[in-house]
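The next block is structure_17.pdb, given as PDB, C-alpha atoms and all ligand atoms.
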ATOM      1  CA  MET L   1      91.043   1.637  53.569  1.00  0.00           C
ATOM      2  CA  SER L   2      89.823  -1.646  52.024  1.00  0.00           C
ATOM      3  CA  GLU L   3      90.458  -2.021  48.319  1.00  0.00           C
ATOM      4  CA  ILE L   4      87.635  -0.948  46.020  1.00  0.00           C
ATOM      5  CA  THR L   5      87.007  -2.683  42.708  1.00  0.00           C
ATOM      6  CA  ILE L   6      84.655  -1.115  40.191  1.00  0.00           C
ATOM      7  CA  LYS L   7      83.038  -3.172  37.430  1.00  0.00           C
ATOM      8  CA  ILE L   8      80.544  -2.537  34.628  1.00  0.00           C
ATOM      9  CA  PHE L   9      77.726  -4.993  33.930  1.00  0.00           C
ATOM     10  CA  GLU L  10      75.338  -5.055  30.975  1.00  0.00           C
ATOM     11  CA  LYS L  11      72.998  -7.281  32.952  1.00  0.00           C
ATOM     12  CA  LEU L  12      72.918  -8.199  36.632  1.00  0.00           C
ATOM     13  CA  SER L  13      72.834 -11.789  37.866  1.00  0.00           C
ATOM     14  CA  PRO L  14      69.872 -12.521  40.187  1.00  0.00           C
ATOM     15  CA  GLU L  15      72.316 -12.572  43.135  1.00  0.00           C
ATOM     16  CA  LEU L  16      73.834  -9.197  42.243  1.00  0.00           C
ATOM     17  CA  GLU L  17      70.389  -7.745  41.618  1.00  0.00           C
ATOM     18  CA  LYS L  18      69.313  -8.831  45.103  1.00  0.00           C
ATOM     19  CA  GLN L  19      72.478  -7.399  46.695  1.00  0.00           C
ATOM     20  CA  THR L  20      72.190  -4.065  44.878  1.00  0.00           C
ATOM     21  CA  ASP L  21      68.447  -3.835  45.653  1.00  0.00           C
ATOM     22  CA  GLU L  22      69.399  -4.102  49.330  1.00  0.00           C
ATOM     23  CA  LEU L  23      72.141  -1.506  48.920  1.00  0.00           C
ATOM     24  CA  ARG L  24      69.736   0.918  47.220  1.00  0.00           C
ATOM     25  CA  TYR L  25      67.070   0.232  49.839  1.00  0.00           C
ATOM     26  CA  ILE L  26      69.438   1.303  52.615  1.00  0.00           C
ATOM     27  CA  ALA L  27      71.226   4.142  50.790  1.00  0.00           C
ATOM     28  CA  PHE L  28      67.988   5.759  49.570  1.00  0.00           C
ATOM     29  CA  ASN L  29      66.214   5.139  52.877  1.00  0.00           C
ATOM     30  CA  LYS L  30      63.429   3.381  51.015  1.00  0.00           C
ATOM     31  CA  LYS L  31      61.820   2.133  54.209  1.00  0.00           C
ATOM     32  CA  ASP L  32      60.633   5.706  54.738  1.00  0.00           C
ATOM     33  CA  LEU L  33      58.932   5.916  51.331  1.00  0.00           C
ATOM     34  CA  THR L  34      55.152   5.962  51.476  1.00  0.00           C
ATOM     35  CA  PRO L  35      53.195   3.859  48.940  1.00  0.00           C
ATOM     36  CA  LYS L  36      52.210   7.132  47.262  1.00  0.00           C
ATOM     37  CA  GLN L  37      55.879   8.182  46.877  1.00  0.00           C
ATOM     38  CA  LYS L  38      56.728   4.750  45.411  1.00  0.00           C
ATOM     39  CA  GLU L  39      53.843   5.111  42.961  1.00  0.00           C
ATOM     40  CA  ILE L  40      55.107   8.560  41.903  1.00  0.00           C
ATOM     41  CA  ASN L  41      58.651   7.214  41.412  1.00  0.00           C
ATOM     42  CA  ASN L  42      57.342   4.385  39.244  1.00  0.00           C
ATOM     43  CA  GLU L  43      55.264   6.835  37.221  1.00  0.00           C
ATOM     44  CA  LYS L  44      58.113   9.292  36.630  1.00  0.00           C
ATOM     45  CA  PHE L  45      61.346   7.301  36.477  1.00  0.00           C
ATOM     46  CA  THR L  46      62.707   4.536  34.312  1.00  0.00           C
ATOM     47  CA  PHE L  47      64.641   1.790  36.046  1.00  0.00           C
ATOM     48  CA  SER L  48      65.165  -0.595  33.112  1.00  0.00           C
ATOM     49  CA  LYS L  49      63.990   1.053  29.875  1.00  0.00           C
ATOM     50  CA  ASP L  50      66.922   2.876  28.195  1.00  0.00           C
ATOM     51  CA  CYS L  51      69.276   1.477  30.857  1.00  0.00           C
ATOM     52  CA  PHE L  52      72.243  -0.172  29.131  1.00  0.00           C
ATOM     53  CA  ALA L  53      74.658  -0.816  31.988  1.00  0.00           C
ATOM     54  CA  TYR L  54      75.286  -0.828  35.720  1.00  0.00           C
ATOM     55  CA  ILE L  55      78.424   0.320  37.463  1.00  0.00           C
ATOM     56  CA  ILE L  56      79.038  -1.417  40.756  1.00  0.00           C
ATOM     57  CA  ALA L  57      81.762  -0.762  43.321  1.00  0.00           C
ATOM     58  CA  PHE L  58      82.799  -3.719  45.478  1.00  0.00           C
ATOM     59  CA  ILE L  59      84.731  -4.153  48.684  1.00  0.00           C
ATOM     60  CA  GLN L  60      85.668  -7.827  48.969  1.00  0.00           C
ATOM     61  CA  ASN L  61      82.867  -9.001  46.668  1.00  0.00           C
ATOM     62  CA  THR L  62      80.216  -6.952  48.507  1.00  0.00           C
ATOM     63  CA  PRO L  63      78.534  -4.191  46.476  1.00  0.00           C
ATOM     64  CA  VAL L  64      79.078  -0.814  48.168  1.00  0.00           C
ATOM     65  CA  GLY L  65      78.303   1.533  45.271  1.00  0.00           C
ATOM     66  CA  TYR L  66      75.854   1.566  42.378  1.00  0.00           C
ATOM     67  CA  ILE L  67      75.050   3.598  39.266  1.00  0.00           C
ATOM     68  CA  ARG L  68      72.664   2.975  36.379  1.00  0.00           C
ATOM     69  CA  LEU L  69      73.655   4.212  32.913  1.00  0.00           C
ATOM     70  CA  PHE L  70      71.112   5.283  30.320  1.00  0.00           C
ATOM     71  CA  LYS L  71      71.096   6.178  26.637  1.00  0.00           C
ATOM     72  CA  ARG L  72      68.256   7.630  24.534  1.00  0.00           C
ATOM     73  CA  THR L  73      67.978   9.366  21.169  1.00  0.00           C
ATOM     74  CA  ILE L  74      66.253  12.730  21.415  1.00  0.00           C
ATOM     75  CA  HIS L  75      65.745  15.680  19.088  1.00  0.00           C
ATOM     76  CA  PHE L  76      66.951  19.201  19.625  1.00  0.00           C
ATOM     77  CA  TYR L  77      66.195  21.865  17.019  1.00  0.00           C
ATOM     78  CA  GLY L  78      66.118  19.357  14.173  1.00  0.00           C
ATOM     79  CA  LYS L  79      69.269  17.598  15.340  1.00  0.00           C
ATOM     80  CA  VAL L  80      69.388  14.030  16.529  1.00  0.00           C
ATOM     81  CA  VAL L  81      71.113  14.004  19.913  1.00  0.00           C
ATOM     82  CA  ILE L  82      72.323  10.918  21.755  1.00  0.00           C
ATOM     83  CA  LEU L  83      71.482  11.669  25.355  1.00  0.00           C
ATOM     84  CA  GLY L  84      73.418   9.719  27.952  1.00  0.00           C
ATOM     85  CA  GLY L  85      72.237   9.435  31.516  1.00  0.00           C
ATOM     86  CA  ILE L  86      73.213   8.618  35.047  1.00  0.00           C
ATOM     87  CA  GLY L  87      70.743   7.478  37.670  1.00  0.00           C
ATOM     88  CA  GLY L  88      70.358   5.649  40.958  1.00  0.00           C
ATOM     89  CA  VAL L  89      73.763   6.821  42.221  1.00  0.00           C
ATOM     90  CA  CYS L  90      74.380   5.551  45.736  1.00  0.00           C
ATOM     91  CA  THR L  91      77.087   4.434  48.159  1.00  0.00           C
ATOM     92  CA  ASP L  92      76.697   2.231  51.218  1.00  0.00           C
ATOM     93  CA  PRO L  93      76.208   4.653  54.167  1.00  0.00           C
ATOM     94  CA  HIS L  94      79.188   3.019  55.965  1.00  0.00           C
ATOM     95  CA  GLN L  95      81.465   3.772  53.012  1.00  0.00           C
ATOM     96  CA  GLN L  96      80.413   7.322  52.136  1.00  0.00           C
ATOM     97  CA  ARG L  97      82.792  10.297  51.742  1.00  0.00           C
ATOM     98  CA  LYS L  98      85.645   8.039  50.646  1.00  0.00           C
ATOM     99  CA  GLY L  99      85.454   8.947  46.962  1.00  0.00           C
ATOM    100  CA  ILE L 100      83.499   5.859  45.829  1.00  0.00           C
ATOM    101  CA  ALA L 101      80.758   7.790  43.987  1.00  0.00           C
ATOM    102  CA  THR L 102      83.398  10.012  42.379  1.00  0.00           C
ATOM    103  CA  GLN L 103      85.329   6.991  41.095  1.00  0.00           C
ATOM    104  CA  MET L 104      82.139   5.381  39.758  1.00  0.00           C
ATOM    105  CA  LEU L 105      81.131   8.646  38.049  1.00  0.00           C
ATOM    106  CA  GLN L 106      84.520   8.915  36.331  1.00  0.00           C
ATOM    107  CA  ILE L 107      84.013   5.425  34.901  1.00  0.00           C
ATOM    108  CA  ALA L 108      80.421   6.327  33.969  1.00  0.00           C
ATOM    109  CA  ILE L 109      81.592   9.283  31.877  1.00  0.00           C
ATOM    110  CA  LYS L 110      84.156   7.095  30.048  1.00  0.00           C
ATOM    111  CA  GLU L 111      81.447   4.529  29.319  1.00  0.00           C
ATOM    112  CA  LEU L 112      79.015   7.171  27.994  1.00  0.00           C
ATOM    113  CA  LYS L 113      81.840   8.364  25.685  1.00  0.00           C
ATOM    114  CA  LYS L 114      82.339   4.827  24.369  1.00  0.00           C
ATOM    115  CA  GLN L 115      78.589   4.607  23.773  1.00  0.00           C
ATOM    116  CA  HIS L 116      78.766   7.693  21.484  1.00  0.00           C
ATOM    117  CA  CYS L 117      76.631   9.900  23.735  1.00  0.00           C
ATOM    118  CA  ASP L 118      76.756  13.594  22.788  1.00  0.00           C
ATOM    119  CA  ILE L 119      75.822  14.935  26.210  1.00  0.00           C
ATOM    120  CA  ALA L 120      74.639  13.477  29.514  1.00  0.00           C
ATOM    121  CA  TYR L 121      71.743  14.446  31.783  1.00  0.00           C
ATOM    122  CA  LEU L 122      70.918  13.649  35.408  1.00  0.00           C
ATOM    123  CA  CYS L 123      68.629  15.071  38.070  1.00  0.00           C
ATOM    124  CA  THR L 124      69.602  15.660  41.662  1.00  0.00           C
ATOM    125  CA  ASN L 125      69.373  17.947  44.646  1.00  0.00           C
ATOM    126  CA  ILE L 126      71.771  20.438  43.024  1.00  0.00           C
ATOM    127  CA  GLU L 127      72.267  22.527  46.142  1.00  0.00           C
ATOM    128  CA  LYS L 128      73.434  19.457  48.068  1.00  0.00           C
ATOM    129  CA  LEU L 129      75.131  17.316  45.423  1.00  0.00           C
ATOM    130  CA  GLY L 130      75.951  19.719  42.575  1.00  0.00           C
ATOM    131  CA  LYS L 131      79.595  19.641  43.664  1.00  0.00           C
ATOM    132  CA  LEU L 132      79.804  15.834  43.413  1.00  0.00           C
ATOM    133  CA  TYR L 133      78.534  15.818  39.830  1.00  0.00           C
ATOM    134  CA  GLY L 134      80.454  19.011  39.001  1.00  0.00           C
ATOM    135  CA  LYS L 135      83.698  17.062  39.523  1.00  0.00           C
ATOM    136  CA  VAL L 136      82.948  15.036  36.387  1.00  0.00           C
ATOM    137  CA  GLY L 137      81.713  17.915  34.235  1.00  0.00           C
ATOM    138  CA  PHE L 138      78.022  18.352  35.084  1.00  0.00           C
ATOM    139  CA  VAL L 139      76.634  21.864  35.382  1.00  0.00           C
ATOM    140  CA  PRO L 140      73.108  22.934  36.342  1.00  0.00           C
ATOM    141  CA  LEU L 141      70.789  23.199  33.342  1.00  0.00           C
ATOM    142  CA  ASN L 142      69.395  26.263  35.120  1.00  0.00           C
ATOM    143  CA  ARG L 143      65.992  26.063  33.522  1.00  0.00           C
ATOM    144  CA  GLN L 144      63.011  23.775  33.213  1.00  0.00           C
ATOM    145  CA  TYR L 145      63.138  20.385  31.595  1.00  0.00           C
ATOM    146  CA  THR L 146      60.191  18.187  30.776  1.00  0.00           C
ATOM    147  CA  PHE L 147      59.658  14.436  30.712  1.00  0.00           C
ATOM    148  CA  THR L 148      56.765  12.044  30.107  1.00  0.00           C
ATOM    149  CA  GLY L 149      55.484   9.695  32.791  1.00  0.00           C
ATOM    150  CA  ASN L 150      54.356   6.125  32.189  1.00  0.00           C
ATOM    151  CA  SER L 151      50.764   7.431  32.112  1.00  0.00           C
ATOM    152  CA  GLY L 152      51.655   9.760  29.223  1.00  0.00           C
ATOM    153  CA  ARG L 153      51.397  12.818  31.467  1.00  0.00           C
ATOM    154  CA  LYS L 154      54.000  15.557  30.974  1.00  0.00           C
ATOM    155  CA  TYR L 155      55.999  16.732  34.000  1.00  0.00           C
ATOM    156  CA  PHE L 156      58.268  19.731  34.478  1.00  0.00           C
ATOM    157  CA  ASP L 157      61.184  20.132  36.873  1.00  0.00           C
ATOM    158  CA  THR L 158      64.255  22.275  37.453  1.00  0.00           C
ATOM    159  CA  ASP L 159      66.773  19.934  39.113  1.00  0.00           C
ATOM    160  CA  GLY L 160      68.580  18.917  35.903  1.00  0.00           C
ATOM    161  CA  MET L 161      72.324  18.910  35.272  1.00  0.00           C
ATOM    162  CA  ILE L 162      74.061  18.280  31.960  1.00  0.00           C
ATOM    163  CA  ALA L 163      77.634  17.457  30.935  1.00  0.00           C
ATOM    164  CA  PRO L 164      79.462  17.410  27.609  1.00  0.00           C
ATOM    165  CA  ILE L 165      80.390  13.878  26.556  1.00  0.00           C
ATOM    166  CA  ASN L 166      81.375  13.706  22.868  1.00  0.00           C
ATOM    167  CA  SER L 167      79.959  17.039  21.702  1.00  0.00           C
ATOM    168  CA  GLU L 168      80.961  20.330  23.297  1.00  0.00           C
ATOM    169  CA  ASN L 169      78.849  22.093  20.598  1.00  0.00           C
ATOM    170  CA  ILE L 170      75.599  20.319  21.487  1.00  0.00           C
ATOM    171  CA  PHE L 171      76.360  20.812  25.185  1.00  0.00           C
ATOM    172  CA  GLN L 172      76.750  24.586  24.640  1.00  0.00           C
ATOM    173  CA  GLU L 173      73.625  24.762  22.461  1.00  0.00           C
ATOM    174  CA  VAL L 174      71.478  22.952  25.042  1.00  0.00           C
ATOM    175  CA  LEU L 175      72.951  24.931  27.922  1.00  0.00           C
ATOM    176  CA  ASN L 176      72.479  28.336  26.285  1.00  0.00           C
ATOM    177  CA  ASN L 177      69.034  27.671  24.862  1.00  0.00           C
ATOM    178  CA  LYS L 178      66.033  29.243  26.579  1.00  0.00           C
ATOM    179  CA  GLU L 179      63.400  26.635  25.655  1.00  0.00           C
ATOM    180  CA  ILE L 180      62.282  23.883  28.020  1.00  0.00           C
ATOM    181  CA  PHE L 181      64.583  20.893  27.509  1.00  0.00           C
ATOM    182  CA  ASP L 182      62.595  17.776  26.547  1.00  0.00           C
ATOM    183  CA  LEU L 183      63.899  14.373  27.687  1.00  0.00           C
ATOM    184  CA  GLU L 184      61.377  12.766  25.279  1.00  0.00           C
ATOM    185  CA  GLY L 185      60.522   9.970  27.684  1.00  0.00           C
ATOM    186  CA  LEU L 186      60.697   8.999  31.320  1.00  0.00           C
ATOM    187  CA  ASN L 187      63.052  10.734  33.715  1.00  0.00           C
ATOM    188  CA  TRP L 188      66.012   8.819  35.195  1.00  0.00           C
TER     189      TRP L 188
HETATM  190  C1  LIG J 201      75.412  11.028  47.248  1.00  0.00           C
HETATM  191  C2  LIG J 201      76.269   9.809  47.468  1.00  0.00           C
HETATM  192  C3  LIG J 201      76.092   8.838  46.295  1.00  0.00           C
HETATM  193  C4  LIG J 201      77.748  10.226  47.555  1.00  0.00           C
HETATM  194  O1  LIG J 201      78.548   9.075  47.622  1.00  0.00           O
HETATM  195  P1  LIG J 201      80.046   9.093  48.203  1.00  0.00           P
HETATM  196  O2  LIG J 201      80.696   7.834  47.772  1.00  0.00           O
HETATM  197  O3  LIG J 201      80.002   9.392  49.636  1.00  0.00           O
HETATM  198  O4  LIG J 201      80.643  10.364  47.424  1.00  0.00           O
HETATM  199  P2  LIG J 201      82.162  10.824  47.359  1.00  0.00           P
HETATM  200  O5  LIG J 201      82.912  10.325  48.540  1.00  0.00           O
HETATM  201  O6  LIG J 201      82.709  10.494  46.023  1.00  0.00           O
HETATM  202  O7  LIG J 201      81.956  12.407  47.490  1.00  0.00           O
HETATM  203  C5  LIG J 201      82.689  13.294  46.741  1.00  0.00           C
HETATM  204  C6  LIG J 201      82.243  14.709  47.040  1.00  0.00           C
HETATM  205  O8  LIG J 201      80.864  14.863  46.759  1.00  0.00           O
HETATM  206  C7  LIG J 201      80.277  15.754  47.725  1.00  0.00           C
HETATM  207  N1  LIG J 201      79.340  15.007  48.555  1.00  0.00           N
HETATM  208  C8  LIG J 201      79.201  13.669  48.654  1.00  0.00           C
HETATM  209  N2  LIG J 201      78.208  13.343  49.499  1.00  0.00           N
HETATM  210  C9  LIG J 201      77.703  14.499  49.971  1.00  0.00           C
HETATM  211  C10 LIG J 201      76.671  14.834  50.869  1.00  0.00           C
HETATM  212  N3  LIG J 201      75.935  13.891  51.465  1.00  0.00           N
HETATM  213  N4  LIG J 201      76.429  16.140  51.120  1.00  0.00           N
HETATM  214  C11 LIG J 201      77.151  17.089  50.525  1.00  0.00           C
HETATM  215  N5  LIG J 201      78.162  16.844  49.637  1.00  0.00           N
HETATM  216  C12 LIG J 201      78.428  15.573  49.368  1.00  0.00           C
HETATM  217  C13 LIG J 201      81.434  16.283  48.551  1.00  0.00           C
HETATM  218  O9  LIG J 201      81.930  17.424  47.891  1.00  0.00           O
HETATM  219  C14 LIG J 201      82.409  15.137  48.468  1.00  0.00           C
HETATM  220  O10 LIG J 201      83.731  15.525  48.669  1.00  0.00           O
HETATM  221  P3  LIG J 201      84.334  15.562  50.188  1.00  0.00           P
HETATM  222  O11 LIG J 201      84.001  14.242  50.832  1.00  0.00           O
HETATM  223  O12 LIG J 201      85.789  15.763  49.938  1.00  0.00           O
HETATM  224  O13 LIG J 201      83.647  16.717  50.850  1.00  0.00           O
HETATM  225  C15 LIG J 201      75.909   9.089  48.822  1.00  0.00           C
HETATM  226  O14 LIG J 201      75.920  10.051  49.856  1.00  0.00           O
HETATM  227  C16 LIG J 201      74.538   8.420  48.820  1.00  0.00           C
HETATM  228  O15 LIG J 201      74.420   7.249  48.477  1.00  0.00           O
HETATM  229  N6  LIG J 201      73.485   9.175  49.210  1.00  0.00           N
HETATM  230  C17 LIG J 201      72.134   8.633  49.272  1.00  0.00           C
HETATM  231  C18 LIG J 201      71.564   8.382  47.893  1.00  0.00           C
HETATM  232  C19 LIG J 201      71.554   9.661  47.058  1.00  0.00           C
HETATM  233  O16 LIG J 201      71.079  10.695  47.497  1.00  0.00           O
HETATM  234  N7  LIG J 201      72.063   9.562  45.816  1.00  0.00           N
HETATM  235  C20 LIG J 201      72.147  10.675  44.916  1.00  0.00           C
HETATM  236  C21 LIG J 201      71.048  10.607  43.930  1.00  0.00           C
HETATM  237  S1  LIG J 201      71.113  11.959  42.796  1.00  0.00           S
END
Spit out the file's structure as structure tokens when you get a sec.
Amino acid sequence: MSEITIKIFEKLSPELEKQTDELRYIAFNKKDLTPKQKEINNEKFTFSKDCFAYIIAFIQNTPVGYIRLFKRTIHFYGKVVILGGIGGVCTDPHQQRKGIATQMLQIAIKELKKQHCDIAYLCTNIEKLGKLYGKVGFVPLNRQYTFTGNSGRKYFDTDGMIAPINSENIFQEVLNNKEIFDLEGLNW
């Protein structure tokens, strides 16, 4: 197998941005997205706000894997919580099932630790990909979470997973709580 190099970037050069846009376009099958679906994604998800880094996997200088890392301060029962986040995870379809996403996720968790995050959140198709994220400590939130779209509208969903980063206590409190978990901003 060709050698994989994984790097973290605070900001992407225009060239790398173009290459990773293409990678995401293919991996997420964006050609099949209707204008309405694109509009919904832009309403619900942040792509740059709260994003502090990108993890990119390369094979011979070509990006083959991508992750966006997020960080936001939220409030949970009077406590300030530093919520880390993972979004946009993808691997080039020709390079899938070789452990690239797993390696990137391991680096992502280390980076969220360095950034003093208490816990991390992501959303995914848990039935399909719960195992992938489970390898690095994520478990299903198992209840509703809420987030606020760009329009100010509140949304509710149930596909959230959380992981302990620097605080096992906060992780347990959030996991065992019965209230709707509030992301206090856009989803990622
Ligand atoms: C999901 C995705 C990022 C996985 O990337 P990858 O580099 O192939 O992942 P890995 O090789 O590290 O997979 C590790 C494990 O995760 C699970 N997994 C990965 N892809 C899976 C899939 N498509 N279906 C079911 N399980 C999967 C498996 O348990 C796998 O272990 P195995 O290969 O030994 O069975 C990649 O398939 C992708 O880009 N998909 C399209 C975009 C997407 O849906 N991203 C997720 C957004 S939440």
Kindly resolve the PyMOL selection byres (((chain L and resi 120) around 7) and not hetatm) on the present coordinates and return the residues as a PDB file with C-alpha atoms, in the coordinates of the input.
ATOM      1  CA  LEU L  83      71.482  11.669  25.355  1.00  0.00           C
ATOM      2  CA  GLY L  84      73.418   9.719  27.952  1.00  0.00           C
ATOM      3  CA  GLY L  85      72.237   9.435  31.516  1.00  0.00           C
ATOM      4  CA  ILE L 119      75.822  14.935  26.210  1.00  0.00           C
ATOM      5  CA  TYR L 121      71.743  14.446  31.783  1.00  0.00           C
ATOM      6  CA  LEU L 122      70.918  13.649  35.408  1.00  0.00           C
ATOM      7  CA  ILE L 162      74.061  18.280  31.960  1.00  0.00           C
ATOM      8  CA  ALA L 163      77.634  17.457  30.935  1.00  0.00           C
ATOM      9  CA  PRO L 164      79.462  17.410  27.609  1.00  0.00           C
ATOM     10  CA  ILE L 165      80.390  13.878  26.556  1.00  0.00           C
TER      11      ILE L 165
END
Could you write out as JSON the box around region 62-77 of chain L (axis-aligned, all atoms listed in the file, 8 Å on each side), with centre and edge lengths in Å to one decimal?
{"center_x": 73.0, "center_y": 7.5, "center_z": 32.8, "size_x": 30.5, "size_y": 44.8, "size_z": 47.5}
TODO: Please identify every polymer residue within 7 Å of ligand LIG 201 (chain J), using all atoms listed in the file, and present the set as a list in words.
DONE: Ala27, Phe28, Gly87, Gly88, Val89, Cys90, Thr91, Asp92, Pro93, Gln95, Gln96, Arg97, Lys98, Gly99, Ile100, Ala101, Thr102, Gln103, Cys123, Thr124, Asn125, Lys128, Leu129, Lys131 and Leu132 of chain L
Open item on the list: Between L:Phe171, L:Phe76, L:Phe70, L:Phe52, which residue has the minimum interatomic distance to Asp118 (chain L), considering only C-alpha atoms?
Closed with: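 Among L:Phe171, L:Phe76, L:Phe70, L:Phe52, it is L:Phe171 that comes nearest to Asp118 (chain L).
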- [ ] Considering only C-alpha atoms, state which residue in the set L:Val64, L:Pro35, L:Lys44, L:Leu69 is at the smallest distance from Asp157 (chain L).
- [x]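 Of L:Val64, L:Pro35, L:Lys44, L:Leu69, the one nearest Asp157 (chain L), counting only C-alpha atoms, is L:Lys44.
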Task: For Glu15 (chain L), the nearest of the candidates L:Thr62, L:Asn29, L:Asn41, L:Ser2, counting only C-alpha atoms - done: L:Thr62
- [ ] Using all atoms listed in the file, pick whichever of L:Thr158, L:Lys11, L:Gly149, L:Phe181 has the shortest atom-to-atom distance to Asn42 (chain L).
- [x]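 So, comparing all the options, the nearest one is L:Gly149.
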Task: Selection dump of the PyMOL selection byres (((chain L and resi 188) around 6) and not hetatm), as a list in words - done: Phe45, Thr46, Gly87 and Asn187 of chain L
Open item on the list: Translate the PyMOL selection byres (((chain L and resi 174-179) around 9) and not hetatm) into a concrete residue list for this structure, as a list in words.
Closed with: Phe76, Val139, Pro140, Leu141, Asn142, Arg143, Gln144, Tyr145, Ile162, Asn169, Ile170, Phe171, Gln172, Glu173, Ile180, Phe181 and Asp182 of chain L
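The residue set within 12 Å of Gln19 (chain L), counting only C-alpha atoms and dropping same-chain residues fewer than 5 places from it, reads Leu12, Ser13, Pro14, Arg24, Tyr25, Ile26, Ile56, Ala57, Phe58, Asn61, Thr62, Pro63, Val64, Gly65, Tyr66 and Asp92 of chain L.
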May I have the selected residues written with C-alpha atoms, as an mmCIF file, in the coordinates of the input?
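Saved the output as selection_0.cif:
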data_model
loop_
_atom_site.group_PDB
_atom_site.id
_atom_site.type_symbol
_atom_site.label_atom_id
_atom_site.label_comp_id
_atom_site.auth_asym_id
_atom_site.auth_seq_id
_atom_site.Cartn_x
_atom_site.Cartn_y
_atom_site.Cartn_z
ATOM 1 C CA LEU L 12 72.918 -8.199 36.632
ATOM 2 C CA SER L 13 72.834 -11.789 37.866
ATOM 3 C CA PRO L 14 69.872 -12.521 40.187
ATOM 4 C CA ARG L 24 69.736 0.918 47.220
ATOM 5 C CA TYR L 25 67.070 0.232 49.839
ATOM 6 C CA ILE L 26 69.438 1.303 52.615
ATOM 7 C CA ILE L 56 79.038 -1.417 40.756
ATOM 8 C CA ALA L 57 81.762 -0.762 43.321
ATOM 9 C CA PHE L 58 82.799 -3.719 45.478
ATOM 10 C CA ASN L 61 82.867 -9.001 46.668
ATOM 11 C CA THR L 62 80.216 -6.952 48.507
ATOM 12 C CA PRO L 63 78.534 -4.191 46.476
ATOM 13 C CA VAL L 64 79.078 -0.814 48.168
ATOM 14 C CA GLY L 65 78.303 1.533 45.271
ATOM 15 C CA TYR L 66 75.854 1.566 42.378
ATOM 16 C CA ASP L 92 76.697 2.231 51.218
#
Task: Atomic separation - CA of His94 (chain L) relative to CA of Gln60 (chain L), Å - done: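 Result for CA of Gln60 (chain L) versus CA of His94 (chain L): 14.4 Å, one decimal.
Nearest-residue note for Val81 (chain L): choosing from L:Ile6, L:Leu183, L:Leu33, L:Ala108, the minimum distance belongs to L:Leu183, counting all atoms listed in the file.
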Task: d(CA of Ile59 (chain L), CA of Met104 (chain L)) in Å - done: 13.3 Å
Open item on the list: I'd like the interatomic distance between CA of Gly130 (chain L) and CA of Leu105 (chain L), to a tenth of an Å.
Closed with: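 CA of Leu105 (chain L) lies 13.0 Å from CA of Gly130 (chain L).
Compared by their closest atoms to Glu10 (chain L), and using all atoms listed in the file, the residues L:Lys154, L:Lys30, L:Lys38, L:Arg68 rank with L:Arg68 nearest.
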